[in-house]
Structures are given as structure tokens and as C-alpha cells.
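**Q** The structure is given below, and queries will be raised subsequently.
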Amino acid sequence: MIEKKSLLIEKTVIVGLISSKQNELLSNDYLNELEFLAQTAGGKVLKRFTQKINLPNPKTLIGSGKLEELFLFVEKNNISSVIFDDELSTAQQNNLEKILKCKILDRTGLILDIFAQRAKTSYARTQVELAQYQYLLPRLKGLWTHLERQMGGTGTRGGPGEKQIELDRRMLGIRIKQLKEKLKKLDKQRGMQRRARRRSNVLTVAIVGYTNAGKSTLFNSLTHETILAEDKLFATLDTT
């Protein structure tokens, strides 16, 4: 399973865009939620950056001027992580890491980090691991600093000269397939459990709502249980 990353006690900043499709008010709302997500993951947000831009920079998402401003703040304040509200392409993430010299995350990566921390059951952990690997697969290239090192010898399917990145991609593909098969088996087991409950005439009720809407608090009030209920986004990930 992918190692659970953590922003614990890490100083971080968040970045959002203001565009024709997303005005300043909406951008601020999204950044408020992103800051809450960062806090949930264990990070401390020192500052937020926004930029008005019509077309995102294909190389770095934000423009060169704003990037320079961000770099100076990151360097001066020893920032460990920069989190972008908008989804980053593999190239953008790689370029930003080279320029800012710190960990770069987007909203999806941050949420997966929180899921990895919160998942407890076998089913939830498998789902999160699969999502992490699928998110990581196209980003493999940026995680290796030794891409040009060649691997050869007995046991390498591609034969001498196959790059490490190609081996890693193949290994991830195999693991993704294994996780999908595991989920199929778990789904089958859960289906059998549901049918058994229906045969026993047990009434099933689901509480549905957005994250941090109070589902766990309501569940505890109705059932006198003590499942985790915190004022955090995705504090409770598993079904109960």
C-alpha cells in the first residue's frame, strides 16, 4: 500500500485562481474549504495566494510574476507544501516542484492524503489505495531523479536497458489490477450481507450528506453510539 503521506506540522500555503468562470467570491469560498482540508490533514496554512487569469499557464498554472512572488514567500518562510485548488497536470506539478523546491499538491492529492489517514476498514483502505495508485501512475516521471539510469540483467521482463520508470509503471499496473479484483470480491461479500439483511426483514436506513454536515453526530444521537464526530472535513470516511 502507498505510504500514508501527512502534512503534520508542515507549514503550507494555498493557491487559487480568479477567472471568467470563477469570480473572486467563489474563489474565496473554495480557498476557505481548501484551507479547512489542509488543517484536517495536519497542515498549518500561513498564507493564501490568488491570481486573476483568463487562461491558466500550461506549464505552471499561474503566471511568472505570481510564481516569483510565491517562490520568495516559500523560500523566506521555509514552506514545506504548496497546495493548489485547481487540478494540476503532471507537467505543471513537475515544473512547480523544480521551481519552488517543495512538495506540490492539488486538491485531489490533498483529499487522497486525508482519505489515507482516515480509512480503517479493509474495503475503504482498498478503495483509497486504488485511487492513490491511479493518481500516481501518470505522475511517476516526476518522482524519479534517476530516469536515465538503465536496469538490466536476469529477471527484467523488458531485457537490458529498460528504464526504471518503465518497471515502476508495470508494477503499478499489476497492483492496480490486483486491487480492482479485490474490490470485486469485497463487493460480492457486501452484496451477500445485504441480501441476508433483507431476508431477515431488517430495516436499513442511510444518512447521506456532504462532508462535515453532521452525519456522524446525528448517527450518534439516534443510536447512542460513539463513532468519531469531529469538526473536520472527511473526519469519518468508513460506513458504520
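Letters for chains follow the order of the C-alpha cells (A, B, ...), residue numbers begin at 1 for each chain, and ligand numbers begin at 1 in the order shown.
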Applying 12 Å and only C-alpha atoms, which residues near Ala124 (chain A) remain after dropping the ones on its own chain fewer than 3 positions away? List them as a ChimeraX atom specification.

**A** /A:112,115-121,127-131,179,182-183,186-187,236-240

**Q** What is the distance, in Å and to one decimal place, between CA of Lys188 (chain A) and CA of Gln132 (chain A)?

**A**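 Computed distance, CA of Lys188 (chain A) to CA of Gln132 (chain A), equals 22.8 Å.
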
**Q** From the set A:Phe84, A:Tyr30, A:Phe219, A:Phe73, which residue has the shortest atom-to-atom contact distance to Leu96 (chain A), counting only C-alpha atoms?

**A** A:Phe84

**Q** Which is closer to Glu24 (chain A) than all the others in A:Ile53, A:Ile111, A:Leu172, A:Val45, using only C-alpha atoms?

**A** A:Ile53

**Q** Measuring between only C-alpha atoms, which one of A:Thr108, A:Asn32, A:Asn54, A:Ser200 shows the shortest distance to Ser20 (chain A)?

**A** A:Asn54

**Q** Kindly indicate which residue among A:Met192, A:Leu70, A:Val205, A:Ala91 lies nearest to Thr223 (chain A), using only C-alpha atoms for the distances.

**A**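 Nearest candidate to Thr223 (chain A) out of A:Met192, A:Leu70, A:Val205, A:Ala91: A:Val205.
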
**Q** Using the chain letters and numbers from this document, which residues of region 57-198 of chain A does DSSP assign to strand (DSSP E or B), as a ChimeraX atom specification?

**A** /A:57,61,81-84,103-106,150-151,162-163

**Q** For each of A:Arg48, A:Leu61, A:Lys180, A:Leu140, take the minimum atom-to-atom distance to Gln164 (chain A), counting only C-alpha atoms, then give the residue where this is smallest.

**A**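 Smallest distance to Gln164 (chain A) is found for A:Leu140.
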
**Q** Extract the full set of alpha helix (DSSP H) residues from region 19-225 of chain A according to DSSP on the backbone, and format it as number ranges by chain.

**A** A: 24-41, 64-77, 90-100, 107-118, 122-136, 140-143, 164-199, 215-223

**Q** Smallest atom-to-atom distance to Glu87 (chain A): which of A:Thr217, A:Val15, A:Gln39, A:Lys47, using only C-alpha atoms?

**A**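 Comparing A:Thr217, A:Val15, A:Gln39, A:Lys47 against Glu87 (chain A), the winner is A:Val15.
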
**Q** Please list as a PyMOL selection string every residue within 12 Å of Lys215 (chain A), counting only C-alpha atoms and excluding residues in the same chain fewer than 3 positions away.

**A** chain A and resi 206-212+218-222+227-231+233-237+239-240

**Q** Now that the selection is made, can you save its residues with C-alpha atoms as an mmCIF file, in the first residue's frame?

**A**
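Output file part-v8.cif is given in full below:
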data_model
loop_
_atom_site.group_PDB
_atom_site.id
_atom_site.type_symbol
_atom_site.label_atom_id
_atom_site.label_comp_id
_atom_site.auth_asym_id
_atom_site.auth_seq_id
_atom_site.Cartn_x
_atom_site.Cartn_y
_atom_site.Cartn_z
ATOM 1 C CA ALA A 206 -28.836 5.577 5.353
ATOM 2 C CA ILE A 207 -27.784 9.067 6.426
ATOM 3 C CA VAL A 208 -26.483 10.946 3.401
ATOM 4 C CA GLY A 209 -24.908 14.394 3.198
ATOM 5 C CA TYR A 210 -21.859 16.428 2.278
ATOM 6 C CA THR A 211 -18.705 16.134 4.355
ATOM 7 C CA ASN A 212 -18.906 17.805 7.785
ATOM 8 C CA LEU A 218 -26.855 12.625 14.057
ATOM 9 C CA PHE A 219 -25.961 8.922 13.917
ATOM 10 C CA ASN A 220 -24.669 9.046 17.491
ATOM 11 C CA SER A 221 -27.805 10.843 18.667
ATOM 12 C CA LEU A 222 -30.124 8.305 17.050
ATOM 13 C CA ILE A 227 -18.358 6.900 16.480
ATOM 14 C CA LEU A 228 -15.854 9.625 15.639
ATOM 15 C CA ALA A 229 -17.522 13.022 15.140
ATOM 16 C CA GLU A 230 -15.181 15.978 14.625
ATOM 17 C CA ASP A 231 -15.491 19.402 13.065
ATOM 18 C CA LEU A 233 -13.773 17.570 6.503
ATOM 19 C CA PHE A 234 -13.887 13.806 5.839
ATOM 20 C CA ALA A 235 -13.306 13.107 9.543
ATOM 21 C CA THR A 236 -15.370 9.924 9.164
ATOM 22 C CA LEU A 237 -14.631 8.013 5.991
ATOM 23 C CA THR A 239 -19.522 3.488 6.704
ATOM 24 C CA THR A 240 -20.802 2.262 10.086
#

**Q** So that I can see what lies close to Ser81 (chain A), please list as a ChimeraX atom specification the residues with an atom at most 6 Å from it, counting only C-alpha atoms and leaving out residues fewer than 6 positions away in the same chain.

**A** /A:12,102-104

**Q** Let's have the selection written as a CSV table (one decimal), in the first residue's frame, with N, CA and C atoms.

**A**
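Writing done, so here's result_35.csv:
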chain,number,residue,atom,x,y,z
A,12,THR,N,2.4,25.5,5.2
A,12,THR,CA,1.9,25.4,3.8
A,12,THR,C,1.3,26.7,3.4
A,102,CYS,N,9.7,22.5,-3.2
A,102,CYS,CA,9.0,22.0,-2.1
A,102,CYS,C,7.9,21.0,-2.6
A,103,LYS,N,7.2,20.4,-1.7
A,103,LYS,CA,6.1,19.5,-2.1
A,103,LYS,C,4.9,20.3,-2.7
A,104,ILE,N,4.4,19.8,-3.9
A,104,ILE,CA,3.3,20.4,-4.6
A,104,ILE,C,2.1,19.4,-4.6
